[in-house]
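Novice: What follows is the file work_10.cif, containing mmCIF, C-alpha atoms:
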```cif
data_input
loop_
_atom_site.label_atom_id
_atom_site.label_comp_id
_atom_site.auth_asym_id
_atom_site.auth_seq_id
_atom_site.Cartn_x
_atom_site.Cartn_y
_atom_site.Cartn_z
CA MET A 1 -17.32 -62.71 1.27
CA THR A 2 -21.05 -62.87 1.43
CA ASN A 3 -23.75 -61.26 3.56
CA GLY A 4 -21.30 -58.70 4.87
CA ALA A 5 -19.09 -61.19 6.67
CA ILE A 6 -15.36 -60.73 6.60
CA GLY A 7 -14.53 -63.14 9.37
CA ARG A 8 -12.83 -66.53 9.49
CA GLY A 9 -12.89 -68.50 6.29
CA ALA A 10 -12.89 -72.23 5.93
CA GLY A 11 -10.15 -74.25 7.55
CA ILE A 12 -8.07 -73.85 10.66
CA GLY A 13 -5.47 -71.72 8.91
CA ALA A 14 -7.82 -69.15 7.38
CA ARG A 15 -7.03 -65.54 8.10
CA ILE A 16 -9.22 -63.62 10.55
CA HIS A 17 -9.64 -60.39 8.64
CA GLU A 18 -11.11 -58.47 11.56
CA LEU A 19 -7.73 -58.68 13.24
CA ASP A 20 -6.08 -57.07 10.20
CA VAL A 21 -8.57 -54.21 10.46
CA LEU A 22 -7.92 -53.74 14.19
CA ARG A 23 -4.15 -53.98 13.70
CA GLY A 24 -4.21 -51.44 10.88
CA ALA A 25 -6.29 -49.00 12.92
CA ALA A 26 -3.87 -49.37 15.84
CA GLN A 27 -0.98 -48.59 13.48
CA LEU A 28 -2.60 -45.30 12.48
CA GLY A 29 -2.84 -44.36 16.15
CA VAL A 30 0.81 -45.27 16.72
CA PHE A 31 1.88 -43.08 13.80
CA VAL A 32 -0.08 -40.09 15.12
CA VAL A 33 1.16 -40.45 18.70
CA HIS A 34 4.79 -40.65 17.62
CA PHE A 35 4.82 -37.87 15.04
CA ALA A 36 2.54 -35.43 16.87
CA GLY A 37 2.66 -36.37 20.57
CA VAL A 38 6.06 -37.97 21.22
CA ALA A 39 7.83 -35.47 19.00
CA PHE A 40 6.37 -32.67 21.14
CA TYR A 41 6.60 -34.15 24.64
CA LYS A 42 9.73 -36.29 24.43
CA LEU A 43 12.10 -34.68 21.97
CA PRO A 44 14.35 -32.05 23.58
CA ILE A 45 13.09 -29.14 21.51
CA GLY A 46 13.45 -26.51 24.23
CA ASP A 47 10.90 -24.91 26.54
CA SER A 48 10.57 -21.72 24.51
CA GLN A 49 9.85 -23.66 21.30
CA ARG A 50 7.37 -25.86 23.14
CA GLU A 51 5.57 -22.82 24.55
CA LEU A 52 5.43 -21.28 21.09
CA PHE A 53 3.71 -24.41 19.74
CA GLU A 54 1.22 -24.48 22.62
CA ALA A 55 0.27 -20.87 21.94
CA GLN A 56 -0.95 -21.68 18.43
CA LEU A 57 -4.40 -23.14 17.88
CA HIS A 58 -3.53 -25.57 15.10
CA HIS A 59 -0.73 -27.11 17.14
CA ARG A 60 -2.97 -27.40 20.22
CA ALA A 61 -5.61 -29.07 18.07
CA ALA A 62 -3.06 -31.59 16.75
CA LEU A 63 -1.93 -32.39 20.30
CA PHE A 64 -5.54 -32.85 21.34
CA VAL A 65 -6.07 -35.36 18.53
CA SER A 66 -2.98 -37.29 19.60
CA ASP A 67 -3.56 -37.12 23.36
CA PHE A 68 -7.32 -37.61 23.44
CA LEU A 69 -7.95 -40.00 20.57
CA PHE A 70 -4.80 -42.14 20.45
CA GLN A 71 -2.39 -41.79 23.39
CA ASN A 72 -2.35 -45.17 25.23
CA LYS A 73 -5.33 -46.30 23.16
CA ALA A 74 -3.32 -47.34 20.10
CA ASN A 75 -0.72 -49.21 22.14
CA THR A 76 -3.46 -50.83 24.24
CA LEU A 77 -5.13 -52.13 21.09
CA PHE A 78 -1.81 -53.18 19.56
CA ALA A 79 -0.64 -55.11 22.63
CA THR A 80 -4.03 -56.76 23.07
CA LEU A 81 -3.89 -57.89 19.45
CA PHE A 82 -0.49 -59.48 20.12
CA GLY A 83 -2.05 -61.57 22.86
CA MET A 84 -4.90 -62.51 20.56
CA GLY A 85 -2.47 -63.64 17.88
CA PHE A 86 -0.61 -65.69 20.46
CA TRP A 87 -3.74 -67.65 21.40
CA ILE A 88 -4.78 -68.18 17.77
CA MET A 89 -1.39 -69.67 17.02
CA LEU A 90 -1.47 -71.82 20.16
CA GLU A 91 -4.82 -73.37 19.22
CA ARG A 92 -3.91 -73.97 15.59
CA LEU A 93 -0.55 -75.56 16.31
CA THR A 94 -1.98 -77.62 19.14
CA GLU A 95 -4.69 -78.90 16.79
CA ARG A 96 -1.93 -79.96 14.39
CA GLN A 97 -0.03 -81.58 17.31
CA ALA A 98 2.97 -79.34 16.67
CA ASN A 99 5.46 -78.28 19.35
CA PHE A 100 3.97 -74.88 20.11
CA ALA A 101 6.63 -73.79 22.62
CA ALA A 102 9.45 -74.44 20.13
CA VAL A 103 7.68 -72.75 17.22
CA TYR A 104 6.60 -69.74 19.22
CA GLY A 105 10.01 -69.49 20.86
CA ARG A 106 11.58 -69.15 17.40
CA ARG A 107 8.95 -66.57 16.53
CA LEU A 108 9.78 -64.49 19.59
CA GLY A 109 13.51 -64.90 18.97
CA MET A 110 13.22 -63.47 15.47
CA LEU A 111 11.01 -60.63 16.70
CA LEU A 112 13.61 -59.86 19.36
CA LEU A 113 16.37 -59.64 16.74
CA ILE A 114 14.29 -57.33 14.54
CA GLY A 115 13.32 -55.25 17.55
CA LEU A 116 16.87 -54.88 18.87
CA ALA A 117 18.13 -53.83 15.43
CA ASN A 118 15.32 -51.30 15.18
CA TRP A 119 15.93 -50.06 18.74
CA PHE A 120 19.67 -49.58 18.44
CA LEU A 121 19.97 -48.50 14.81
CA PHE A 122 16.80 -46.75 13.73
CA PHE A 123 14.16 -45.93 16.33
CA PRO A 124 14.83 -45.47 20.08
CA GLY A 125 11.08 -45.70 20.72
CA ASP A 126 10.91 -49.33 19.50
CA VAL A 127 8.56 -51.71 21.33
CA LEU A 128 9.21 -54.86 19.29
CA HIS A 129 12.07 -56.06 21.48
CA GLU A 130 9.91 -55.44 24.54
CA TYR A 131 7.01 -57.36 23.01
CA ALA A 132 9.35 -60.27 22.31
CA LEU A 133 10.74 -60.35 25.85
CA VAL A 134 7.29 -60.09 27.44
CA GLY A 135 6.08 -62.69 24.95
CA PHE A 136 8.31 -65.27 26.65
CA ALA A 137 6.47 -64.53 29.91
CA LEU A 138 3.15 -65.02 28.12
CA LEU A 139 4.43 -68.32 26.75
CA ALA A 140 5.28 -69.47 30.27
CA LEU A 141 1.80 -68.50 31.53
CA ARG A 142 -0.20 -70.14 28.73
CA ARG A 143 -1.60 -72.88 30.98
CA TRP A 144 -3.31 -70.42 33.30
CA SER A 145 -7.08 -70.68 33.44
CA ALA A 146 -9.11 -68.17 31.44
CA ARG A 147 -10.35 -66.52 34.65
CA THR A 148 -6.80 -66.11 35.97
CA MET A 149 -5.62 -64.67 32.66
CA LEU A 150 -8.37 -62.07 32.70
CA GLY A 151 -7.98 -61.18 36.37
CA VAL A 152 -4.20 -60.82 36.35
CA GLY A 153 -4.34 -59.11 32.97
CA LEU A 154 -6.73 -56.44 34.24
CA VAL A 155 -4.69 -55.80 37.38
CA LEU A 156 -1.44 -55.45 35.45
CA ALA A 157 -3.00 -53.38 32.68
CA LEU A 158 -4.52 -50.90 35.10
CA PHE A 159 -2.05 -50.68 37.96
CA ALA A 160 1.39 -52.08 37.05
CA SER A 161 2.87 -49.05 35.30
CA PRO A 162 1.77 -46.34 37.78
CA VAL A 163 2.66 -48.45 40.82
CA VAL A 164 6.14 -49.32 39.54
CA GLY A 165 6.67 -45.72 38.49
CA ARG A 166 5.73 -44.49 41.96
CA VAL A 167 8.07 -47.02 43.61
CA ARG A 168 10.97 -45.98 41.36
CA THR A 169 10.30 -42.34 42.27
CA MET A 170 10.27 -43.19 45.99
CA ILE A 171 13.65 -44.95 45.78
CA GLY A 172 15.16 -42.12 43.80
CA ALA A 173 15.41 -43.81 40.42
CA SER A 174 15.17 -41.43 37.49
CA SER A 175 15.88 -41.03 33.79
CA ASP A 176 17.68 -37.70 34.17
CA SER A 177 20.98 -39.00 32.82
CA PHE A 178 19.25 -40.52 29.78
CA ASN A 179 17.35 -37.30 29.15
CA ALA A 180 20.60 -35.33 29.24
CA ILE A 181 22.25 -37.67 26.73
CA GLN A 182 19.14 -37.63 24.56
CA GLU A 183 19.32 -33.84 24.47
CA GLN A 184 22.95 -34.02 23.37
CA ALA A 185 22.19 -36.73 20.80
CA PHE A 186 19.37 -34.68 19.30
CA ALA A 187 21.92 -32.05 18.26
CA VAL A 188 24.34 -34.56 16.71
CA ASP A 189 24.58 -34.40 12.93
CA ASP A 190 26.41 -37.71 12.50
CA TYR A 191 24.36 -40.93 12.45
CA TRP A 192 26.93 -43.30 13.98
CA THR A 193 27.74 -40.88 16.77
CA TRP A 194 24.01 -40.74 17.55
CA VAL A 195 23.82 -44.54 17.71
CA GLN A 196 26.88 -44.80 19.95
CA MET A 197 25.53 -42.15 22.32
CA LEU A 198 22.04 -43.55 22.78
CA ALA A 199 22.43 -47.34 22.62
CA PRO A 200 24.35 -48.01 25.87
CA THR A 201 22.28 -45.45 27.76
CA MET A 202 19.01 -47.07 26.70
CA VAL A 203 20.20 -50.46 27.95
CA GLN A 204 21.29 -48.94 31.25
CA ARG A 205 18.02 -47.09 31.76
CA ASP A 206 15.59 -49.83 30.72
CA PHE A 207 17.32 -52.95 32.01
CA LEU A 208 20.09 -52.21 34.49
CA HIS A 209 17.96 -49.62 36.31
CA ALA A 210 14.60 -51.38 35.67
CA GLY A 211 13.24 -48.34 33.86
CA ALA A 212 11.11 -50.53 31.59
CA LEU A 213 9.70 -52.80 34.32
CA GLY A 214 6.39 -50.97 34.67
CA TRP A 215 5.99 -50.86 30.89
CA PHE A 216 6.78 -54.59 30.61
CA LEU A 217 4.06 -55.43 33.15
CA TYR A 218 1.68 -53.03 31.40
CA ILE A 219 2.29 -54.92 28.14
CA LEU A 220 1.91 -58.32 29.81
CA GLY A 221 -1.48 -57.31 31.18
CA ARG A 222 -2.73 -56.46 27.72
CA PHE A 223 -1.21 -59.64 26.29
CA LEU A 224 -3.15 -61.71 28.82
CA ILE A 225 -6.40 -59.88 28.08
CA GLY A 226 -5.91 -60.43 24.35
CA ALA A 227 -5.28 -64.14 24.87
CA TRP A 228 -8.43 -64.32 27.00
CA VAL A 229 -10.49 -62.59 24.26
CA MET A 230 -9.54 -65.21 21.68
CA ARG A 231 -9.79 -68.05 24.18
CA GLU A 232 -13.43 -67.07 24.82
CA ARG A 233 -14.14 -66.76 21.07
CA TRP A 234 -15.33 -63.14 21.25
CA ILE A 235 -14.16 -62.24 17.73
CA GLU A 236 -15.63 -65.34 16.13
CA ARG A 237 -18.94 -64.77 17.88
CA ALA A 238 -19.21 -61.12 16.80
CA ARG A 239 -21.78 -61.74 14.04
CA ASP A 240 -24.04 -63.51 16.51
CA HIS A 241 -24.11 -60.47 18.81
CA LEU A 242 -24.50 -57.48 16.51
CA THR A 243 -27.15 -55.83 18.67
CA THR A 244 -25.01 -56.26 21.77
CA LEU A 245 -21.98 -54.85 19.95
CA ARG A 246 -23.94 -51.78 18.90
CA ARG A 247 -25.21 -51.17 22.43
CA LEU A 248 -21.77 -51.67 23.97
CA VAL A 249 -20.20 -49.15 21.60
CA TRP A 250 -22.64 -46.48 22.74
CA ILE A 251 -21.87 -47.23 26.38
CA VAL A 252 -18.16 -47.97 26.46
CA LEU A 253 -16.92 -45.28 24.07
CA PRO A 254 -18.72 -42.28 25.65
CA VAL A 255 -17.82 -43.34 29.20
CA GLY A 256 -14.18 -43.82 28.23
CA ALA A 257 -14.12 -40.54 26.31
CA ALA A 258 -15.59 -38.64 29.26
CA ALA A 259 -13.00 -40.04 31.68
CA GLU A 260 -10.16 -39.40 29.23
CA LEU A 261 -11.30 -35.83 28.51
CA TRP A 262 -11.48 -35.09 32.23
CA SER A 263 -7.99 -36.52 32.68
CA LEU A 264 -6.60 -34.50 29.78
CA LEU A 265 -8.11 -31.25 31.06
CA ILE A 266 -6.49 -31.85 34.44
CA PHE A 267 -3.17 -32.60 32.73
CA LYS A 268 -3.42 -29.35 30.76
CA GLY A 269 -4.31 -27.36 33.89
CA VAL A 270 -7.78 -26.41 32.65
CA LEU A 271 -9.56 -28.25 35.49
CA PRO A 272 -8.41 -28.69 39.09
CA GLY A 273 -7.20 -32.08 40.25
CA GLY A 274 -3.98 -33.71 41.26
CA GLU A 275 -1.72 -36.23 39.62
CA LEU A 276 -3.54 -39.12 41.33
CA LEU A 277 -6.96 -38.20 39.93
CA ASP A 278 -5.45 -37.59 36.50
CA GLY A 279 -3.81 -41.03 36.59
CA VAL A 280 -6.95 -42.83 37.76
CA LEU A 281 -9.12 -41.22 35.11
CA HIS A 282 -6.59 -42.00 32.39
CA ALA A 283 -6.21 -45.59 33.59
CA ILE A 284 -9.99 -45.97 33.16
CA GLY A 285 -10.57 -43.84 30.09
CA ALA A 286 -7.77 -45.02 27.79
CA PRO A 287 -8.57 -48.77 27.85
CA LEU A 288 -12.30 -48.09 27.62
CA MET A 289 -11.76 -45.94 24.54
CA ALA A 290 -9.52 -48.63 23.02
CA LEU A 291 -12.25 -51.19 23.71
CA GLY A 292 -14.81 -48.85 22.19
CA TYR A 293 -12.72 -48.48 19.03
CA ALA A 294 -12.39 -52.25 18.75
CA LEU A 295 -16.12 -52.80 19.24
CA LEU A 296 -16.96 -50.11 16.68
CA LEU A 297 -14.62 -51.59 14.09
CA LEU A 298 -15.97 -55.09 14.72
CA ARG A 299 -19.48 -53.74 14.26
CA LEU A 300 -18.47 -52.09 10.98
CA CYS A 301 -16.82 -55.32 9.85
CA GLN A 302 -20.13 -57.14 10.17
CA SER A 303 -22.17 -54.50 8.34
CA PRO A 304 -22.80 -54.91 4.60
CA THR A 305 -22.94 -51.12 4.37
CA TRP A 306 -19.88 -50.15 6.36
CA ARG A 307 -17.48 -53.05 5.99
CA ARG A 308 -15.65 -51.34 3.11
CA VAL A 309 -14.82 -48.46 5.44
CA ALA A 310 -13.40 -50.86 8.01
CA LEU A 311 -11.39 -52.66 5.33
CA TRP A 312 -9.44 -49.48 4.61
CA PHE A 313 -7.31 -50.39 7.63
CA ALA A 314 -6.65 -53.99 6.57
CA PRO A 315 -3.71 -53.57 4.13
CA VAL A 316 -1.44 -51.91 6.69
CA GLY A 317 -2.70 -54.38 9.27
CA ARG A 318 -1.48 -57.27 7.14
CA VAL A 319 2.04 -55.81 6.92
CA ALA A 320 2.05 -54.34 10.42
CA LEU A 321 5.60 -55.38 11.31
CA THR A 322 7.09 -53.88 8.16
CA ALA A 323 4.97 -50.74 8.49
CA TYR A 324 6.01 -50.24 12.11
CA VAL A 325 9.74 -50.49 11.36
CA LEU A 326 9.43 -48.21 8.33
CA HIS A 327 7.52 -45.56 10.27
CA GLY A 328 10.28 -45.52 12.90
CA MET A 329 12.94 -45.03 10.25
CA VAL A 330 10.98 -42.13 8.77
CA PHE A 331 10.47 -40.61 12.22
CA THR A 332 14.19 -40.71 13.01
CA PHE A 333 15.22 -39.34 9.63
CA VAL A 334 12.70 -36.51 9.83
CA ALA A 335 13.35 -35.64 13.47
CA MET A 336 17.11 -35.93 13.97
CA GLN A 337 19.74 -33.41 12.93
CA PHE A 338 21.60 -35.96 10.79
CA GLY A 339 18.35 -36.16 8.81
CA LEU A 340 15.97 -33.26 8.25
CA GLY A 341 15.94 -31.99 11.85
CA TRP A 342 12.36 -30.97 11.11
CA LEU A 343 9.95 -32.03 13.86
CA GLY A 344 11.50 -29.85 16.53
CA LEU A 345 10.80 -26.86 14.30
CA ALA A 346 7.61 -27.76 12.44
CA GLY A 347 5.46 -28.69 15.45
CA PRO A 348 2.60 -31.07 16.27
CA ALA A 349 0.32 -29.98 13.41
CA ALA A 350 2.95 -30.83 10.82
CA GLY A 351 3.65 -34.07 12.67
CA LEU A 352 -0.03 -35.01 12.54
CA ALA A 353 -0.21 -34.24 8.83
CA LEU A 354 2.93 -36.27 8.20
CA ALA A 355 1.59 -39.24 10.17
CA ILE A 356 -1.65 -39.29 8.17
CA ALA A 357 0.17 -38.84 4.86
CA LEU A 358 2.64 -41.59 5.70
CA TYR A 359 -0.18 -43.95 6.67
CA ALA A 360 -2.04 -43.21 3.43
CA LEU A 361 1.15 -43.84 1.42
CA MET A 362 1.78 -47.11 3.26
CA THR A 363 -1.80 -48.17 2.59
CA LEU A 364 -1.31 -47.71 -1.15
CA MET A 365 2.06 -49.45 -1.04
CA ALA A 366 0.64 -52.35 0.98
CA GLN A 367 -2.24 -52.78 -1.47
CA GLN A 368 0.16 -52.97 -4.40
CA TRP A 369 2.54 -55.28 -2.56
CA LEU A 370 -0.16 -57.66 -1.33
CA ALA A 371 -1.59 -57.95 -4.82
CA ARG A 372 1.64 -59.77 -5.73
CA PHE A 373 2.96 -61.25 -2.51
CA ARG A 374 1.44 -63.17 0.39
CA TYR A 375 3.38 -61.35 3.12
CA GLY A 376 5.18 -58.11 3.80
CA PRO A 377 9.00 -58.28 3.59
CA LEU A 378 9.62 -58.54 7.35
CA GLU A 379 6.54 -60.72 7.82
CA TYR A 380 8.05 -63.13 5.30
CA LEU A 381 11.35 -63.35 7.22
CA TRP A 382 9.47 -63.64 10.51
CA ARG A 383 7.38 -66.51 9.22
CA TRP A 384 10.43 -68.26 7.77
CA ALA A 385 12.19 -68.11 11.14
CA THR A 386 9.05 -69.18 12.99
CA TYR A 387 8.38 -72.39 11.07
CA GLY A 388 11.94 -73.19 10.04
CA ARG A 389 11.11 -73.46 6.36
CA ARG A 390 10.94 -70.99 3.54
CA PRO A 391 7.30 -70.03 2.84
CA VAL A 392 5.83 -69.43 -0.58
CA PHE A 393 6.18 -65.71 -1.20
CA ARG A 394 4.60 -64.84 -4.54
CA LYS A 395 0.86 -65.20 -4.86
CA ALA A 396 0.98 -66.68 -8.32
CA ALA A 397 2.64 -69.82 -6.96
CA ALA A 398 0.98 -69.82 -3.55
CA THR A 399 -0.96 -72.64 -2.08
CA GLU A 400 -2.97 -72.30 1.12
CA SER A 401 -0.97 -73.01 4.28
CA PRO A 402 -2.56 -74.30 7.49
CA ALA A 403 -0.53 -72.04 9.76
CA THR A 404 -0.83 -68.29 10.36
#
```
Could you write out this file's structure as structure tokens?
Specialist:
Amino acid sequence: MTNGAIGRGAGIGARIHELDVLRGAAQLGVFVVHFAGVAFYKLPIGDSQRELFEAQLHHRAALFVSDFLFQNKANTLFATLFGMGFWIMLERLTERQANFAAVYGRRLGMLLLIGLANWFLFFPGDVLHEYALVGFALLALRRWSARTMLGVGLVLALFASPVVGRVRTMIGASSDSFNAIQEQAFAVDDYWTWVQMLAPTMVQRDFLHAGALGWFLYILGRFLIGAWVMRERWIERARDHLTTLRRLVWIVLPVGAAAELWSLLIFKGVLPGGELLDGVLHAIGAPLMALGYALLLLRLCQSPTWRRVALWFAPVGRVALTAYVLHGMVFTFVAMQFGLGWLGLAGPAAGLALAIALYALMTLMAQQWLARFRYGPLEYLWRWATYGRRPVFRKAAATESPAT
């Protein structure tokens, strides 16, 4: 790396390091949202316990960090990155005259298997199986024009989830039965009983009753936007537009933060405003903040002074699949009664501290692992399934591969 650049190296298979940085930063946000936010809002910890947490300043501060800084920003960035990776792979395999649909179909199939195992056995909040299923839709839409991708992506990203949610409410669809079973499962102290209670109910809620439809369309919108970003070469052109990047950061991030803060204050009952205004402000603020984070990190990546700061996120970003599955296992073990049964008692502040500590530990582990191996453990299996041949694993024997 010279002159502060950490971008694409030589050759069509060279790694785009900025994407590792963005992916790693998104992972940190996912950790925080799950351990601090989801553990508070979604786990059946009881109203009295929840009120006790909200009455304490350090827990309110932890929730603010999760809600304001990361809620629906981390998953926006993560999903957009998936779409970006899709387009990178499409271009590289097309240039090599490979059968992209077959290769990417195998890639999605393996991701679906990993995701379903994670969903049923370890982490009910898994999104990997959903990414895989929506990825097949993205594969089918790959021949859309760039303008259509962007237009449909924006519409779906902004409006799909709230509109579908409103329709399901109007027709009387609900998740009450799932919530009741989740509350019972939270008290179970036997792992296999927990699995048997939740698994069929999750399938019924998300697929048989279309509970995940709005979320699927939400994801697809961000996939399409990510594909458009790479199609238009915005990452590769970042070094040519440093001044523009700097100006955009100071416009996009404050505007998004203002809208998101207003939305959050309405949600908390501090400011007046109904559910509609809250939803509109959040639909604007969250993606703008995610965009602002991405622009800021890209700007840091191109700075000789600050690129080392940005690179702190890269190790976890390179083993993002493994890190995601591991964090879910830790969450379940810490939260559920067959594990420590801790998060329902310790509160959002402890959850935030645990998320940061876990991310720091995974960063150190990833650095040590990547010093010896080319891929994370699950990334290795994923790549093997994708290309149908066993890749070189250890760095000592590695030779550069044209595919990513």
Novice: Given the point (-11.5, -52.4, 7.2) in the coordinates of this file, which residues lie within 12 Å, counting only C-alpha atoms, and how would they look as a PyMOL selection string?
Specialist: chain A and resi 4-7+16-26+294+296-318+363
Novice: Can you turn the PyMOL selection byres ((chain A and resi 53-57) around 10) into a concrete residue list for this file, as a PDB file with C-alpha atoms, keeping the file's coordinate frame?
Specialist:
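The new file result_8.pdb reads:
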```pdb
ATOM      1  CA  PHE A  40       6.370 -32.670  21.140  1.00  0.00           C
ATOM      2  CA  ASP A  47      10.900 -24.910  26.540  1.00  0.00           C
ATOM      3  CA  SER A  48      10.570 -21.720  24.510  1.00  0.00           C
ATOM      4  CA  GLN A  49       9.850 -23.660  21.300  1.00  0.00           C
ATOM      5  CA  ARG A  50       7.370 -25.860  23.140  1.00  0.00           C
ATOM      6  CA  GLU A  51       5.570 -22.820  24.550  1.00  0.00           C
ATOM      7  CA  LEU A  52       5.430 -21.280  21.090  1.00  0.00           C
ATOM      8  CA  HIS A  58      -3.530 -25.570  15.100  1.00  0.00           C
ATOM      9  CA  HIS A  59      -0.730 -27.110  17.140  1.00  0.00           C
ATOM     10  CA  ARG A  60      -2.970 -27.400  20.220  1.00  0.00           C
ATOM     11  CA  ALA A  61      -5.610 -29.070  18.070  1.00  0.00           C
ATOM     12  CA  ALA A  62      -3.060 -31.590  16.750  1.00  0.00           C
ATOM     13  CA  LEU A  63      -1.930 -32.390  20.300  1.00  0.00           C
ATOM     14  CA  LEU A 345      10.800 -26.860  14.300  1.00  0.00           C
ATOM     15  CA  ALA A 346       7.610 -27.760  12.440  1.00  0.00           C
ATOM     16  CA  GLY A 347       5.460 -28.690  15.450  1.00  0.00           C
ATOM     17  CA  PRO A 348       2.600 -31.070  16.270  1.00  0.00           C
ATOM     18  CA  ALA A 349       0.320 -29.980  13.410  1.00  0.00           C
TER      19      ALA A 349
END
```
Novice: Considering only C-alpha atoms, state which residue in the set A:Arg372, A:His282, A:Arg389, A:Arg233 is at the smallest distance from Asp67 (chain A).
Specialist: A:His282
Novice: Given all atoms listed in the file as the basis, pick out the residue of A:Val103, A:Ala36, A:Leu116, A:Leu28 nearest to Ala335 (chain A).
Specialist: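 Between A:Val103, A:Ala36, A:Leu116, A:Leu28, the residue approaching Ala335 (chain A) most closely is A:Ala36.
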Novice: I need the residue nearest Leu121 (chain A) from this list: A:Phe35, A:Phe338, A:Tyr191, A:Tyr380. Use all atoms listed in the file for the distance.
Specialist: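 So, comparing all the options, the nearest one is A:Tyr191.
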Novice: When the PyMOL selection byres ((chain A and resi 224-226) around 12) is applied to the file above, which residues end up in the set, as a PyMOL selection string?
Specialist: chain A and resi 19+76-88+134-135+137-158+217-223+227-235+287+291+294
Novice: What separation in Å, quoted to one decimal, exists between CA of Arg107 (chain A) and CA of Val325 (chain A)?
Specialist: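 Computing it gives 16.9 Å between the two atoms.
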Novice: Starting from the displayed file, determine the output of the PyMOL selection byres ((chain A and resi 42) around 12) and express the residue list as a PyMOL selection string.
Specialist: chain A and resi 33-41+43-47+50+124-125+178-180+182-183+186+335+343-344
Novice: Applying 8 Å and all atoms listed in the file, which residues near Glu130 (chain A) remain after dropping the ones on its own chain fewer than 6 positions away? List them as JSON, numbers by chain.
Specialist: {"A": [112, 115, 216]}
Novice: Can I get region 47-51 of chain A with all heavy atoms filled in, as a PDB file, keeping the file's coordinate frame?
Specialist:
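Printed below is selection37.pdb as written:
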```pdb
ATOM      1  N   ASP A  47      12.136 -25.408  25.920  1.00  0.00           N
ATOM      2  CA  ASP A  47      10.900 -24.910  26.540  1.00  0.00           C
ATOM      3  C   ASP A  47      10.286 -23.759  25.749  1.00  0.00           C
ATOM      4  O   ASP A  47       9.063 -23.666  25.613  1.00  0.00           O
ATOM      5  CB  ASP A  47      11.167 -24.473  27.977  1.00  0.00           C
ATOM      6  CG  ASP A  47      11.497 -25.636  28.887  1.00  0.00           C
ATOM      7  OD1 ASP A  47      11.137 -26.777  28.524  1.00  0.00           O
ATOM      8  OD2 ASP A  47      12.109 -25.421  29.949  1.00  0.00           O
ATOM      9  N   SER A  48      11.103 -22.874  25.246  1.00  0.00           N
ATOM     10  CA  SER A  48      10.570 -21.720  24.510  1.00  0.00           C
ATOM     11  C   SER A  48       9.876 -22.165  23.231  1.00  0.00           C
ATOM     12  O   SER A  48       8.802 -21.640  22.881  1.00  0.00           O
ATOM     13  CB  SER A  48      11.696 -20.731  24.185  1.00  0.00           C
ATOM     14  OG  SER A  48      12.698 -21.352  23.402  1.00  0.00           O
ATOM     15  N   GLN A  49      10.468 -23.135  22.521  1.00  0.00           N
ATOM     16  CA  GLN A  49       9.850 -23.660  21.300  1.00  0.00           C
ATOM     17  C   GLN A  49       8.555 -24.379  21.636  1.00  0.00           C
ATOM     18  O   GLN A  49       7.551 -24.243  20.921  1.00  0.00           O
ATOM     19  CB  GLN A  49      10.809 -24.600  20.589  1.00  0.00           C
ATOM     20  CG  GLN A  49      10.317 -25.114  19.237  1.00  0.00           C
ATOM     21  CD  GLN A  49      10.244 -24.013  18.199  1.00  0.00           C
ATOM     22  OE1 GLN A  49      11.158 -23.199  18.073  1.00  0.00           O
ATOM     23  NE2 GLN A  49       9.168 -23.980  17.452  1.00  0.00           N
ATOM     24  N   ARG A  50       8.564 -25.133  22.722  1.00  0.00           N
ATOM     25  CA  ARG A  50       7.370 -25.860  23.140  1.00  0.00           C
ATOM     26  C   ARG A  50       6.240 -24.875  23.500  1.00  0.00           C
ATOM     27  O   ARG A  50       5.080 -25.086  23.142  1.00  0.00           O
ATOM     28  CB  ARG A  50       7.715 -26.763  24.328  1.00  0.00           C
ATOM     29  CG  ARG A  50       6.642 -27.776  24.673  1.00  0.00           C
ATOM     30  CD  ARG A  50       7.143 -28.802  25.663  1.00  0.00           C
ATOM     31  NE  ARG A  50       7.952 -29.841  25.028  1.00  0.00           N
ATOM     32  CZ  ARG A  50       9.247 -29.981  25.180  1.00  0.00           C
ATOM     33  NH1 ARG A  50       9.919 -29.143  25.945  1.00  0.00           N
ATOM     34  NH2 ARG A  50       9.902 -30.945  24.563  1.00  0.00           N
ATOM     35  N   GLU A  51       6.576 -23.824  24.196  1.00  0.00           N
ATOM     36  CA  GLU A  51       5.570 -22.820  24.550  1.00  0.00           C
ATOM     37  C   GLU A  51       5.021 -22.122  23.314  1.00  0.00           C
ATOM     38  O   GLU A  51       3.826 -21.784  23.249  1.00  0.00           O
ATOM     39  CB  GLU A  51       6.179 -21.795  25.508  1.00  0.00           C
ATOM     40  CG  GLU A  51       6.479 -22.358  26.891  1.00  0.00           C
ATOM     41  CD  GLU A  51       7.276 -21.395  27.750  1.00  0.00           C
ATOM     42  OE1 GLU A  51       7.561 -20.266  27.257  1.00  0.00           O
ATOM     43  OE2 GLU A  51       7.603 -21.746  28.890  1.00  0.00           O
TER      44      GLU A  51
END
```
